[in-house]
Every structure is written in structure tokens, then in C-alpha cells.
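Shown next: protein.pdb, containing PDB, C-alpha atoms and all ligand atoms.
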```
ATOM      1  CA  MET A  40     -40.109  51.572 181.377  1.00  0.00           C
ATOM      2  CA  GLN A  41     -41.946  49.704 178.667  1.00  0.00           C
ATOM      3  CA  LEU A  42     -41.300  50.932 175.160  1.00  0.00           C
ATOM      4  CA  PRO A  43     -44.190  50.830 172.698  1.00  0.00           C
ATOM      5  CA  LEU A  44     -44.115  47.906 170.291  1.00  0.00           C
ATOM      6  CA  ARG A  45     -44.995  47.756 166.668  1.00  0.00           C
ATOM      7  CA  LEU A  46     -46.650  44.755 165.081  1.00  0.00           C
ATOM      8  CA  THR A  47     -45.813  44.037 161.473  1.00  0.00           C
ATOM      9  CA  PRO A  48     -48.132  42.070 159.209  1.00  0.00           C
ATOM     10  CA  ALA A  49     -48.384  38.453 160.332  1.00  0.00           C
ATOM     11  CA  PRO A  50     -47.639  35.969 157.584  1.00  0.00           C
ATOM     12  CA  ALA A  51     -49.885  33.014 157.133  1.00  0.00           C
ATOM     13  CA  TYR A  52     -47.561  30.139 157.860  1.00  0.00           C
ATOM     14  CA  ARG A  53     -46.936  29.099 161.425  1.00  0.00           C
ATOM     15  CA  TYR A  54     -43.422  27.689 160.956  1.00  0.00           C
ATOM     16  CA  ASP A  55     -42.208  30.992 159.689  1.00  0.00           C
ATOM     17  CA  VAL A  56     -42.837  34.650 160.364  1.00  0.00           C
ATOM     18  CA  ARG A  57     -45.619  35.207 162.832  1.00  0.00           C
ATOM     19  CA  TYR A  58     -44.895  38.245 164.884  1.00  0.00           C
ATOM     20  CA  ARG A  59     -42.138  40.771 164.901  1.00  0.00           C
ATOM     21  CA  TYR A  60     -41.566  42.847 167.940  1.00  0.00           C
ATOM     22  CA  SER A  61     -39.240  45.660 168.585  1.00  0.00           C
ATOM     23  CA  SER A  62     -37.285  44.985 171.730  1.00  0.00           C
ATOM     24  CA  THR A  63     -38.727  46.191 174.997  1.00  0.00           C
ATOM     25  CA  ARG A  64     -35.386  46.769 176.651  1.00  0.00           C
ATOM     26  CA  ASP A  65     -35.119  49.759 178.903  1.00  0.00           C
ATOM     27  CA  PRO A  66     -33.002  52.558 177.537  1.00  0.00           C
ATOM     28  CA  PRO A  67     -29.301  52.299 178.417  1.00  0.00           C
ATOM     29  CA  HIS A  68     -28.805  52.416 182.131  1.00  0.00           C
ATOM     30  CA  ARG A  69     -29.736  55.861 183.295  1.00  0.00           C
ATOM     31  CA  LYS A  70     -28.099  57.104 186.400  1.00  0.00           C
ATOM     32  CA  ASP A  71     -30.302  58.296 189.191  1.00  0.00           C
ATOM     33  CA  MET A  72     -29.601  62.006 188.847  1.00  0.00           C
ATOM     34  CA  SER A  73     -31.470  62.844 192.028  1.00  0.00           C
ATOM     35  CA  ALA A  74     -28.557  61.293 193.886  1.00  0.00           C
ATOM     36  CA  SER A  75     -26.408  64.325 193.030  1.00  0.00           C
ATOM     37  CA  ARG A  76     -27.417  66.965 195.519  1.00  0.00           C
ATOM     38  CA  PRO A  77     -26.446  70.577 194.712  1.00  0.00           C
ATOM     39  CA  ASP A  78     -24.042  70.669 197.636  1.00  0.00           C
ATOM     40  CA  SER A  79     -22.156  67.563 196.577  1.00  0.00           C
ATOM     41  CA  PRO A  80     -19.140  68.111 194.337  1.00  0.00           C
ATOM     42  CA  ILE A  81     -19.676  66.663 190.866  1.00  0.00           C
ATOM     43  CA  ARG A  82     -16.749  65.997 188.613  1.00  0.00           C
ATOM     44  CA  ARG A  83     -16.914  67.299 185.057  1.00  0.00           C
ATOM     45  CA  ALA A  84     -16.363  63.745 183.745  1.00  0.00           C
ATOM     46  CA  ASP A  85     -19.445  62.541 185.645  1.00  0.00           C
ATOM     47  CA  ILE A  86     -21.596  65.299 184.197  1.00  0.00           C
ATOM     48  CA  GLU A  87     -20.363  64.519 180.702  1.00  0.00           C
ATOM     49  CA  GLU A  88     -21.148  60.855 181.188  1.00  0.00           C
ATOM     50  CA  ILE A  89     -24.656  61.644 182.421  1.00  0.00           C
ATOM     51  CA  VAL A  90     -25.279  63.929 179.452  1.00  0.00           C
ATOM     52  CA  ARG A  91     -24.016  61.249 177.075  1.00  0.00           C
ATOM     53  CA  GLU A  92     -26.366  58.691 178.590  1.00  0.00           C
ATOM     54  CA  VAL A  93     -29.388  60.959 178.414  1.00  0.00           C
ATOM     55  CA  VAL A  94     -28.638  61.785 174.786  1.00  0.00           C
ATOM     56  CA  ARG A  95     -28.141  58.096 174.036  1.00  0.00           C
ATOM     57  CA  ALA A  96     -31.433  57.193 175.703  1.00  0.00           C
ATOM     58  CA  ARG A  97     -33.304  59.859 173.734  1.00  0.00           C
ATOM     59  CA  ALA A  98     -31.650  59.491 170.361  1.00  0.00           C
ATOM     60  CA  GLY A  99     -31.201  55.745 170.330  1.00  0.00           C
ATOM     61  CA  ALA A 100     -28.087  53.987 171.409  1.00  0.00           C
ATOM     62  CA  PRO A 101     -24.889  54.026 169.349  1.00  0.00           C
ATOM     63  CA  SER A 102     -24.155  51.041 167.148  1.00  0.00           C
ATOM     64  CA  GLY A 103     -23.648  47.874 169.149  1.00  0.00           C
ATOM     65  CA  LYS A 104     -26.133  49.086 171.742  1.00  0.00           C
ATOM     66  CA  THR A 105     -29.165  49.344 169.485  1.00  0.00           C
ATOM     67  CA  PRO A 106     -31.851  47.029 170.823  1.00  0.00           C
ATOM     68  CA  PRO A 107     -32.059  44.122 168.382  1.00  0.00           C
ATOM     69  CA  VAL A 108     -35.446  43.248 166.916  1.00  0.00           C
ATOM     70  CA  LEU A 109     -36.862  40.432 168.994  1.00  0.00           C
ATOM     71  CA  ARG A 110     -38.803  37.876 167.085  1.00  0.00           C
ATOM     72  CA  VAL A 111     -40.731  35.024 168.715  1.00  0.00           C
ATOM     73  CA  ASP A 112     -41.895  32.019 166.718  1.00  0.00           C
ATOM     74  CA  ALA A 113     -44.057  29.101 167.714  1.00  0.00           C
ATOM     75  CA  SER A 114     -42.958  25.859 166.086  1.00  0.00           C
ATOM     76  CA  ALA A 115     -45.690  23.362 165.391  1.00  0.00           C
ATOM     77  CA  ARG A 116     -44.782  19.684 165.742  1.00  0.00           C
ATOM     78  CA  HIS A 117     -42.346  18.610 163.058  1.00  0.00           C
ATOM     79  CA  CYS A 118     -39.528  16.204 162.284  1.00  0.00           C
ATOM     80  CA  HIS A 119     -35.998  16.309 160.928  1.00  0.00           C
ATOM     81  CA  LEU A 120     -34.798  13.338 158.889  1.00  0.00           C
ATOM     82  CA  CYS A 121     -31.465  11.744 158.075  1.00  0.00           C
ATOM     83  CA  ARG A 122     -30.625  10.647 154.535  1.00  0.00           C
ATOM     84  CA  GLU A 123     -31.212   6.982 155.313  1.00  0.00           C
ATOM     85  CA  ASP A 124     -34.699   7.504 156.756  1.00  0.00           C
ATOM     86  CA  LEU A 125     -35.722   9.819 153.904  1.00  0.00           C
ATOM     87  CA  ASP A 126     -34.710   7.065 151.465  1.00  0.00           C
ATOM     88  CA  ILE A 127     -36.913   4.563 153.283  1.00  0.00           C
ATOM     89  CA  LEU A 128     -39.900   6.895 153.599  1.00  0.00           C
ATOM     90  CA  PHE A 129     -39.841   8.555 150.176  1.00  0.00           C
ATOM     91  CA  GLY A 130     -37.643   6.322 148.011  1.00  0.00           C
ATOM     92  CA  LYS A 131     -33.907   6.139 147.367  1.00  0.00           C
ATOM     93  CA  GLY A 132     -32.292   9.462 146.489  1.00  0.00           C
ATOM     94  CA  TYR A 133     -35.445  11.472 147.112  1.00  0.00           C
ATOM     95  CA  GLU A 134     -34.921  15.208 147.637  1.00  0.00           C
ATOM     96  CA  LEU A 135     -37.143  17.359 149.845  1.00  0.00           C
ATOM     97  CA  THR A 136     -38.866  20.287 148.175  1.00  0.00           C
ATOM     98  CA  VAL A 137     -39.196  23.705 149.801  1.00  0.00           C
ATOM     99  CA  PHE A 138     -42.618  24.732 151.033  1.00  0.00           C
ATOM    100  CA  ARG A 139     -41.399  27.797 152.904  1.00  0.00           C
ATOM    101  CA  GLU A 140     -38.065  29.260 153.953  1.00  0.00           C
ATOM    102  CA  LEU A 141     -37.701  29.719 157.702  1.00  0.00           C
ATOM    103  CA  TYR A 142     -36.404  32.830 159.448  1.00  0.00           C
ATOM    104  CA  GLN A 143     -33.076  31.147 160.220  1.00  0.00           C
ATOM    105  CA  LYS A 144     -31.119  31.088 156.991  1.00  0.00           C
ATOM    106  CA  GLY A 145     -30.878  27.768 155.160  1.00  0.00           C
ATOM    107  CA  ASN A 146     -33.727  26.143 157.069  1.00  0.00           C
ATOM    108  CA  TYR A 147     -37.048  25.419 155.448  1.00  0.00           C
ATOM    109  CA  ALA A 148     -40.368  23.679 155.908  1.00  0.00           C
ATOM    110  CA  ALA A 149     -40.697  20.999 153.249  1.00  0.00           C
ATOM    111  CA  ASN A 150     -43.788  20.175 151.243  1.00  0.00           C
ATOM    112  CA  GLU A 151     -43.331  16.586 152.391  1.00  0.00           C
ATOM    113  CA  THR A 152     -44.976  15.246 155.522  1.00  0.00           C
ATOM    114  CA  VAL A 153     -45.000  11.894 157.303  1.00  0.00           C
ATOM    115  CA  THR A 154     -47.284  10.100 159.718  1.00  0.00           C
ATOM    116  CA  ILE A 155     -46.007   9.422 163.236  1.00  0.00           C
ATOM    117  CA  ILE A 156     -47.259   6.332 165.010  1.00  0.00           C
ATOM    118  CA  GLY A 157     -46.946   5.899 168.755  1.00  0.00           C
ATOM    119  CA  PRO A 158     -46.833   2.756 170.906  1.00  0.00           C
ATOM    120  CA  ARG A 159     -50.622   2.521 171.261  1.00  0.00           C
ATOM    121  CA  SER A 160     -51.199   2.698 167.513  1.00  0.00           C
ATOM    122  CA  ARG A 161     -52.359   6.249 167.860  1.00  0.00           C
ATOM    123  CA  LEU A 162     -51.059   8.449 165.113  1.00  0.00           C
ATOM    124  CA  ILE A 163     -50.681  11.987 163.863  1.00  0.00           C
ATOM    125  CA  SER A 164     -50.647  12.497 160.137  1.00  0.00           C
ATOM    126  CA  ASN A 165     -49.230  15.455 158.213  1.00  0.00           C
ATOM    127  CA  LEU A 166     -46.182  15.789 160.454  1.00  0.00           C
ATOM    128  CA  ARG A 167     -44.169  18.440 158.606  1.00  0.00           C
ATOM    129  CA  ILE A 168     -40.542  17.689 157.682  1.00  0.00           C
ATOM    130  CA  LEU A 169     -38.090  20.543 158.191  1.00  0.00           C
ATOM    131  CA  GLY A 170     -34.986  20.667 156.034  1.00  0.00           C
ATOM    132  CA  PRO A 171     -32.162  20.391 155.392  1.00  0.00           C
ATOM    133  CA  LEU A 172     -31.412  16.762 156.239  1.00  0.00           C
ATOM    134  CA  ARG A 173     -29.564  16.053 159.465  1.00  0.00           C
ATOM    135  CA  LYS A 174     -27.245  13.355 160.757  1.00  0.00           C
ATOM    136  CA  GLN A 175     -29.998  11.904 162.948  1.00  0.00           C
ATOM    137  CA  SER A 176     -33.746  11.861 162.584  1.00  0.00           C
ATOM    138  CA  GLN A 177     -35.655  13.650 165.323  1.00  0.00           C
ATOM    139  CA  VAL A 178     -39.289  14.390 166.105  1.00  0.00           C
ATOM    140  CA  GLU A 179     -40.264  17.536 168.025  1.00  0.00           C
ATOM    141  CA  LEU A 180     -43.690  17.383 169.645  1.00  0.00           C
ATOM    142  CA  ALA A 181     -45.606  19.571 172.043  1.00  0.00           C
ATOM    143  CA  PHE A 182     -46.499  17.769 175.303  1.00  0.00           C
ATOM    144  CA  THR A 183     -50.123  17.634 174.142  1.00  0.00           C
ATOM    145  CA  ASP A 184     -49.079  15.692 171.037  1.00  0.00           C
ATOM    146  CA  ALA A 185     -46.822  13.348 172.995  1.00  0.00           C
ATOM    147  CA  ILE A 186     -49.508  12.577 175.583  1.00  0.00           C
ATOM    148  CA  MET A 187     -52.022  11.855 172.851  1.00  0.00           C
ATOM    149  CA  LEU A 188     -49.571   9.473 171.166  1.00  0.00           C
ATOM    150  CA  GLY A 189     -48.603   7.834 174.467  1.00  0.00           C
ATOM    151  CA  ILE A 190     -44.945   8.867 174.220  1.00  0.00           C
ATOM    152  CA  ASP A 191     -43.157  10.138 177.315  1.00  0.00           C
ATOM    153  CA  ALA A 192     -41.149  12.812 175.517  1.00  0.00           C
ATOM    154  CA  PRO A 193     -38.453  14.548 177.579  1.00  0.00           C
ATOM    155  CA  ILE A 194     -37.578  18.234 177.227  1.00  0.00           C
ATOM    156  CA  ARG A 195     -34.336  18.433 175.271  1.00  0.00           C
ATOM    157  CA  LEU A 196     -32.483  20.872 173.101  1.00  0.00           C
ATOM    158  CA  SER A 197     -32.601  19.938 169.444  1.00  0.00           C
ATOM    159  CA  GLY A 198     -29.914  17.364 168.609  1.00  0.00           C
ATOM    160  CA  ASP A 199     -29.618  16.058 172.168  1.00  0.00           C
ATOM    161  CA  ILE A 200     -31.576  12.859 171.748  1.00  0.00           C
ATOM    162  CA  ALA A 201     -29.555  10.112 173.463  1.00  0.00           C
ATOM    163  CA  GLY A 202     -31.840   7.898 175.515  1.00  0.00           C
ATOM    164  CA  THR A 203     -35.089   9.500 174.322  1.00  0.00           C
ATOM    165  CA  PRO A 204     -38.113   7.443 173.234  1.00  0.00           C
ATOM    166  CA  GLY A 205     -38.606   6.330 169.654  1.00  0.00           C
ATOM    167  CA  CYS A 206     -41.577   6.001 167.327  1.00  0.00           C
ATOM    168  CA  PHE A 207     -42.582   4.785 163.896  1.00  0.00           C
ATOM    169  CA  LEU A 208     -42.716   7.082 160.892  1.00  0.00           C
ATOM    170  CA  MET A 209     -44.687   6.273 157.779  1.00  0.00           C
ATOM    171  CA  GLY A 210     -44.129   7.863 154.383  1.00  0.00           C
ATOM    172  CA  PRO A 211     -45.492   7.212 150.885  1.00  0.00           C
ATOM    173  CA  LYS A 212     -42.807   4.603 150.114  1.00  0.00           C
ATOM    174  CA  GLY A 213     -42.225   2.902 153.415  1.00  0.00           C
ATOM    175  CA  MET A 214     -42.035   2.918 157.143  1.00  0.00           C
ATOM    176  CA  CYS A 215     -39.112   3.267 159.520  1.00  0.00           C
ATOM    177  CA  GLU A 216     -38.585   2.919 163.215  1.00  0.00           C
ATOM    178  CA  LEU A 217     -36.727   5.608 165.115  1.00  0.00           C
ATOM    179  CA  LYS A 218     -35.047   3.909 168.065  1.00  0.00           C
ATOM    180  CA  GLU A 219     -34.831   7.305 169.756  1.00  0.00           C
ATOM    181  CA  GLY A 220     -35.367  10.955 168.903  1.00  0.00           C
ATOM    182  CA  VAL A 221     -38.818  11.998 170.119  1.00  0.00           C
ATOM    183  CA  ILE A 222     -38.493  15.131 172.253  1.00  0.00           C
ATOM    184  CA  ARG A 223     -40.257  18.229 173.375  1.00  0.00           C
ATOM    185  CA  ALA A 224     -37.880  20.937 172.205  1.00  0.00           C
ATOM    186  CA  ALA A 225     -36.784  23.152 175.094  1.00  0.00           C
ATOM    187  CA  ILE A 226     -37.683  26.809 174.629  1.00  0.00           C
ATOM    188  CA  HIS A 227     -34.558  28.590 173.399  1.00  0.00           C
ATOM    189  CA  VAL A 228     -33.305  31.768 171.809  1.00  0.00           C
ATOM    190  CA  HIS A 229     -31.004  31.930 168.804  1.00  0.00           C
ATOM    191  CA  MET A 230     -28.705  34.913 168.578  1.00  0.00           C
ATOM    192  CA  SER A 231     -25.541  36.161 166.920  1.00  0.00           C
ATOM    193  CA  PRO A 232     -22.409  36.971 168.957  1.00  0.00           C
ATOM    194  CA  ASP A 233     -23.240  40.710 168.608  1.00  0.00           C
ATOM    195  CA  GLU A 234     -26.721  40.169 170.004  1.00  0.00           C
ATOM    196  CA  ALA A 235     -25.270  38.067 172.821  1.00  0.00           C
ATOM    197  CA  GLY A 236     -22.957  40.999 173.546  1.00  0.00           C
ATOM    198  CA  TYR A 237     -25.941  43.323 173.730  1.00  0.00           C
ATOM    199  CA  TYR A 238     -27.650  41.122 176.313  1.00  0.00           C
ATOM    200  CA  GLY A 239     -24.424  40.177 178.082  1.00  0.00           C
ATOM    201  CA  VAL A 240     -25.000  36.437 177.801  1.00  0.00           C
ATOM    202  CA  LYS A 241     -22.948  33.376 176.855  1.00  0.00           C
ATOM    203  CA  HIS A 242     -23.807  30.228 174.924  1.00  0.00           C
ATOM    204  CA  LYS A 243     -26.107  27.984 177.009  1.00  0.00           C
ATOM    205  CA  ASP A 244     -26.956  30.741 179.523  1.00  0.00           C
ATOM    206  CA  MET A 245     -30.572  30.880 180.630  1.00  0.00           C
ATOM    207  CA  MET A 246     -32.628  34.000 179.957  1.00  0.00           C
ATOM    208  CA  LYS A 247     -36.188  35.032 180.783  1.00  0.00           C
ATOM    209  CA  LEU A 248     -38.953  35.814 178.366  1.00  0.00           C
ATOM    210  CA  ARG A 249     -41.808  37.842 179.774  1.00  0.00           C
ATOM    211  CA  VAL A 250     -44.990  37.752 177.750  1.00  0.00           C
ATOM    212  CA  GLY A 251     -47.620  40.331 178.701  1.00  0.00           C
ATOM    213  CA  GLY A 252     -51.320  40.340 177.987  1.00  0.00           C
ATOM    214  CA  ASP A 253     -54.346  38.556 179.463  1.00  0.00           C
ATOM    215  CA  ALA A 254     -52.682  35.120 179.468  1.00  0.00           C
ATOM    216  CA  GLY A 255     -49.250  36.580 180.152  1.00  0.00           C
ATOM    217  CA  LEU A 256     -46.517  34.612 181.848  1.00  0.00           C
ATOM    218  CA  THR A 257     -42.750  34.543 182.135  1.00  0.00           C
ATOM    219  CA  PHE A 258     -40.582  31.716 180.846  1.00  0.00           C
ATOM    220  CA  ASN A 259     -37.620  31.388 183.204  1.00  0.00           C
ATOM    221  CA  ARG A 260     -35.479  28.914 181.294  1.00  0.00           C
ATOM    222  CA  VAL A 261     -34.918  30.188 177.783  1.00  0.00           C
ATOM    223  CA  GLN A 262     -31.608  28.699 176.742  1.00  0.00           C
ATOM    224  CA  VAL A 263     -29.216  30.823 174.707  1.00  0.00           C
ATOM    225  CA  ARG A 264     -27.802  29.379 171.489  1.00  0.00           C
ATOM    226  CA  ILE A 265     -25.153  31.580 169.917  1.00  0.00           C
ATOM    227  CA  ASP A 266     -24.174  31.150 166.290  1.00  0.00           C
ATOM    228  CA  PRO A 267     -22.816  33.769 163.865  1.00  0.00           C
ATOM    229  CA  ALA A 268     -25.208  32.448 161.214  1.00  0.00           C
ATOM    230  CA  THR A 269     -28.362  33.040 163.273  1.00  0.00           C
ATOM    231  CA  ARG A 270     -30.608  35.987 164.025  1.00  0.00           C
ATOM    232  CA  LEU A 271     -32.327  36.891 167.280  1.00  0.00           C
ATOM    233  CA  ASN A 272     -35.249  34.536 167.469  1.00  0.00           C
ATOM    234  CA  VAL A 273     -37.046  32.766 170.319  1.00  0.00           C
ATOM    235  CA  HIS A 274     -38.431  29.324 169.495  1.00  0.00           C
ATOM    236  CA  MET A 275     -41.236  27.904 171.601  1.00  0.00           C
ATOM    237  CA  ASP A 276     -43.716  25.156 170.816  1.00  0.00           C
ATOM    238  CA  THR A 277     -47.464  25.415 170.351  1.00  0.00           C
ATOM    239  CA  ASP A 278     -48.295  24.397 173.941  1.00  0.00           C
ATOM    240  CA  GLU A 279     -46.105  27.219 175.217  1.00  0.00           C
ATOM    241  CA  ALA A 280     -47.465  29.697 172.687  1.00  0.00           C
ATOM    242  CA  ASN A 281     -51.055  28.824 173.558  1.00  0.00           C
ATOM    243  CA  ALA A 282     -50.371  28.930 177.306  1.00  0.00           C
ATOM    244  CA  CYS A 283     -49.024  32.494 177.146  1.00  0.00           C
ATOM    245  CA  GLY A 284     -51.424  33.711 174.468  1.00  0.00           C
ATOM    246  CA  LEU A 285     -48.542  34.613 172.187  1.00  0.00           C
ATOM    247  CA  HIS A 286     -50.925  35.656 169.436  1.00  0.00           C
ATOM    248  CA  LEU A 287     -52.751  38.042 171.782  1.00  0.00           C
ATOM    249  CA  THR A 288     -49.933  40.330 172.805  1.00  0.00           C
ATOM    250  CA  LYS A 289     -47.307  42.700 171.474  1.00  0.00           C
ATOM    251  CA  ASP A 290     -45.760  43.135 174.907  1.00  0.00           C
ATOM    252  CA  ILE A 291     -42.759  40.801 175.048  1.00  0.00           C
ATOM    253  CA  GLU A 292     -39.435  41.227 176.749  1.00  0.00           C
ATOM    254  CA  LEU A 293     -36.280  39.108 176.737  1.00  0.00           C
ATOM    255  CA  TYR A 294     -33.826  39.692 179.578  1.00  0.00           C
ATOM    256  CA  LYS A 295     -31.098  38.058 181.621  1.00  0.00           C
TER
HETATM  257 ZN    ZN B   1     -34.601  26.935 167.270  1.00  0.00          ZN
END
```

Represent the structure from my file as C-alpha cells, please.
Amino acid sequence: MQLPLRLTPAPAYRYDVRYRYSSTRDPPHRKDMSASRPDSPIRRADIEEIVREVVRARAGAPSGKTPPVLRVDASARHCHLCREDLDILFGKGYELTVFRELYQKGNYAANETVTIIGPRSRLISNLRILGPLRKQSQVELAFTDAIMLGIDAPIRLSGDIAGTPGCFLMGPKGMCELKEGVIRAAIHVHMSPDEAGYYGVKHKDMMKLRVGGDAGLTFNRVQVRIDPATRLNVHMDTDEANACGLHLTKDIELYK
């Protein structure tokens, strides 16, 4: 059964809040009551359990079983920088300034942008920097961006950049070469341990994300990333969002 979804006002900025969906999970597992024929003996405990489940399904599940609010964000191409590269690009000791806080606490889109230059001298300007700084610089592109630049970007989870292609970045104060770090970020879902408990999944499990609507499709490899500091949030890139018409639908379901 598909539960109705509510759409809350969509904020303007694509790195942050776009759509908020209530979860489309089925109500807690209802038993098939037709299986209990009148002539079959039913234990009192079974009846009580069935009643409890029906009440739960109607009144909303008890705490711990409440469907978490599922939020799906499309991340436009962006980069993360290490201290050393920020120094080269913007000047020694430069500090990023916050353009917009992201849904995941502590993360933000910076006002600062850089230009990425690929091996054929093709470039994309206004590549947004996301803060805070990281140990290693990394560029996350959609396949469309990577093809345009002439970079054969592999699908990787953020942070897993060993052996990936590099690029040049240009900032107002200088230019640096990343020896590696250009990826297409794999679609993934952040969740807290409680939310993982709700779905019955472990860190690095794969889940499915079904997107309804005219361009609807199902993503079969949504990798789970569990962290107590995060909130339930699917991250896909702009190619994926455009392919499934993310902006066209309210009908989205995350399941194992
Ligand atoms: Zn993410």
C-alpha cells in the first residue's frame, strides 16, 4: 500500500533542501487474517498480537517504529579541498565562508568556487566548494560533466579516491594539480543507527530507492552509510536526479 506523501516548500538552493517526503513504508507487517478460518483454534495470544498490529497500523507505530522522514537531495558537481590546496588556490591561511548550511550537520556550501580543467583544456567554472576542509581534495562530478571534461571518472563513495583520475583546479590566487580524486559519487543513503534499525540494515548494505512518476525508475544500489551524527538522507547526483525526474514526483520509497 502506498501512503500519501506531503511536499513541503522547496528551498531555492540545490545543494540543500529540495524535497521532503514522508516515508512510503507499508504499515507494520499485517498478518493475513483471512488465514484464520473460524474452525481453526486461535490462541488468545495470537488474537492479542493481531489486535496490537492493527491498532499500530492505524494509530501510527510506537516509538522506534515510526517511519522516518525520507529526504532525497541531488548534489550538483562540487569539490572538497584540503588545507594545502585551499592555501594554493585562495592564499595562505584563507578560510572558506558559508554560503548555505547543508542538511547534514556541520557541512556547508561555501561562497567560494574554483574552475576545474580537464586533460583536453576543457573546463567548468564555478565549481562549488563544500566545507569543512578534508584531509584530501576530491571532485565529485556527474558523468555528463566528466565526459565533457574528458575525464574517465569512476563511481566511488566519497573519500575512496585511490587510483582515480586527477585534474587541475584554478582559484583566484593560484592553480593546483590533483593527482587523483575525480569521481562520480555513488548514490548513497545517510542514516542514524536508529533509522538503520527501522530498516533492518547495516553499514555498507545496499538498499533500493524507487522513484515513481512519469520518468520513474528504481535505483538498486543505494549504499547505506550509518553515522550517529547523520539524518536520513539519500544523496544522488544531477544525472541521476534528471534521469528519474526527481523534481516531478512525490512518490519515493526506500527499502531493503
Ligand atoms: Zn552524502

I'd like the residues picked by the PyMOL selection byres (((chain A and resi 187) around 10) and not hetatm) written out as an mmCIF file with C-alpha atoms, in the frame of the given file, using the chain letters and numbers from the file.
```
data_model
loop_
_atom_site.group_PDB
_atom_site.id
_atom_site.type_symbol
_atom_site.label_atom_id
_atom_site.label_comp_id
_atom_site.auth_asym_id
_atom_site.auth_seq_id
_atom_site.Cartn_x
_atom_site.Cartn_y
_atom_site.Cartn_z
ATOM 1 C CA GLY A 157 -46.946 5.899 168.755
ATOM 2 C CA ARG A 159 -50.622 2.521 171.261
ATOM 3 C CA ARG A 161 -52.359 6.249 167.860
ATOM 4 C CA LEU A 162 -51.059 8.449 165.113
ATOM 5 C CA ILE A 163 -50.681 11.987 163.863
ATOM 6 C CA PHE A 182 -46.499 17.769 175.303
ATOM 7 C CA THR A 183 -50.123 17.634 174.142
ATOM 8 C CA ASP A 184 -49.079 15.692 171.037
ATOM 9 C CA ALA A 185 -46.822 13.348 172.995
ATOM 10 C CA ILE A 186 -49.508 12.577 175.583
ATOM 11 C CA LEU A 188 -49.571 9.473 171.166
ATOM 12 C CA GLY A 189 -48.603 7.834 174.467
ATOM 13 C CA ILE A 190 -44.945 8.867 174.220
#
```

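Nearest-residue note for ligand ZN 1 (chain B): choosing from A:Tyr294, A:Phe207, A:Tyr237, A:Tyr142, the minimum distance belongs to A:Tyr142, counting all atoms listed in the file.
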
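Going from atom CA of Glu234 of chain A over to atom CA of Leu285 of chain A, you cover 22.6 Å.
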
- Task: Using all atoms listed in the file, find each protein or nucleic acid residue lying at most 9 Å from ligand ZN 1 (chain B); present the set as a ChimeraX atom specification.
- Result: /A:112,114,143,196-197,224-229,264,272-275

Give me a file of those residues, with C-alpha atoms, as a short mmCIF file (atom, residue, chain, number, x, y, z; two decimals), in the coordinates of the input.
```
data_model
loop_
_atom_site.label_atom_id
_atom_site.label_comp_id
_atom_site.auth_asym_id
_atom_site.auth_seq_id
_atom_site.Cartn_x
_atom_site.Cartn_y
_atom_site.Cartn_z
CA ASP A 112 -41.90 32.02 166.72
CA SER A 114 -42.96 25.86 166.09
CA GLN A 143 -33.08 31.15 160.22
CA LEU A 196 -32.48 20.87 173.10
CA SER A 197 -32.60 19.94 169.44
CA ALA A 224 -37.88 20.94 172.20
CA ALA A 225 -36.78 23.15 175.09
CA ILE A 226 -37.68 26.81 174.63
CA HIS A 227 -34.56 28.59 173.40
CA VAL A 228 -33.30 31.77 171.81
CA HIS A 229 -31.00 31.93 168.80
CA ARG A 264 -27.80 29.38 171.49
CA ASN A 272 -35.25 34.54 167.47
CA VAL A 273 -37.05 32.77 170.32
CA HIS A 274 -38.43 29.32 169.50
CA MET A 275 -41.24 27.90 171.60
#
```

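Nearest residue to Glu216 of chain A among A:Ile156, A:Ala235, A:Met246, A:Ile291 is A:Ile156, counting only C-alpha atoms.
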
On this structure, which residues satisfy the PyMOL selection byres (((chain A and resi 251) around 8) and not hetatm), written as a short mmCIF file (atom, residue, chain, number, x, y, z; two decimals) with C-alpha atoms, in the coordinates of the input?
```
data_model
loop_
_atom_site.label_atom_id
_atom_site.label_comp_id
_atom_site.auth_asym_id
_atom_site.auth_seq_id
_atom_site.Cartn_x
_atom_site.Cartn_y
_atom_site.Cartn_z
CA ARG A 249 -41.81 37.84 179.77
CA VAL A 250 -44.99 37.75 177.75
CA GLY A 252 -51.32 40.34 177.99
CA ASP A 253 -54.35 38.56 179.46
CA ALA A 254 -52.68 35.12 179.47
CA GLY A 255 -49.25 36.58 180.15
CA LEU A 256 -46.52 34.61 181.85
CA THR A 288 -49.93 40.33 172.80
CA LYS A 289 -47.31 42.70 171.47
CA ASP A 290 -45.76 43.14 174.91
CA ILE A 291 -42.76 40.80 175.05
#
```

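Residues surrounding Gly205 of chain A within 10 Å are A:Ile156, A:Gly157, A:Pro158, A:Gln177, A:Val178, A:Ile190, A:Asp191, A:Ala192, A:Glu216, A:Leu217, A:Lys218, A:Glu219, A:Gly220, A:Val221, A:Ile222 [all atoms listed in the file; sequence separation below 6 positions excluded].
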
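What separates atom CA of Ile155 of chain A from atom CA of Met209 of chain A is a distance of 6.4 Å.
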
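Minimum atom-to-atom distance to Asp278 of chain A, evaluated using only C-alpha atoms, belongs to A:Ala181 out of A:Cys215, A:Val137, A:Val153, A:Ala181.
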
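Separating atom CA of Gly213 of chain A from atom CA of Ile194 of chain A is a distance of 28.7 Å.
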
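Minimum atom-to-atom distance to Arg195 of chain A, evaluated using only C-alpha atoms, belongs to A:Arg223 out of A:Arg167, A:Lys104, A:Arg110, A:Arg223.
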
- Task: Run the PyMOL selection byres (((chain A and resi 166) around 6) and not hetatm) mentally over the shown coordinates, then write out the matched residues as a ChimeraX atom specification, using the chain letters and numbers from the document.
- Result: /A:117,152-154,164-165,167

Would you mind exporting C-alpha atoms of the selected residues as an mmCIF file, in the coordinates of the input?
```
data_model
loop_
_atom_site.group_PDB
_atom_site.id
_atom_site.type_symbol
_atom_site.label_atom_id
_atom_site.label_comp_id
_atom_site.auth_asym_id
_atom_site.auth_seq_id
_atom_site.Cartn_x
_atom_site.Cartn_y
_atom_site.Cartn_z
ATOM 1 C CA HIS A 117 -42.346 18.610 163.058
ATOM 2 C CA THR A 152 -44.976 15.246 155.522
ATOM 3 C CA VAL A 153 -45.000 11.894 157.303
ATOM 4 C CA THR A 154 -47.284 10.100 159.718
ATOM 5 C CA SER A 164 -50.647 12.497 160.137
ATOM 6 C CA ASN A 165 -49.230 15.455 158.213
ATOM 7 C CA ARG A 167 -44.169 18.440 158.606
#
```

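Checking A:Leu135, A:Ile200, A:Ala280, A:Leu169 one by one against Leu248 of chain A, counting all atoms listed in the file, you find the shortest gap at A:Ala280.
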
- So which one's closest to Asp233 of chain A, A:Gly170, A:Thr269, A:Thr203, A:Gln262? Using only C-alpha atoms, please. A:Thr269
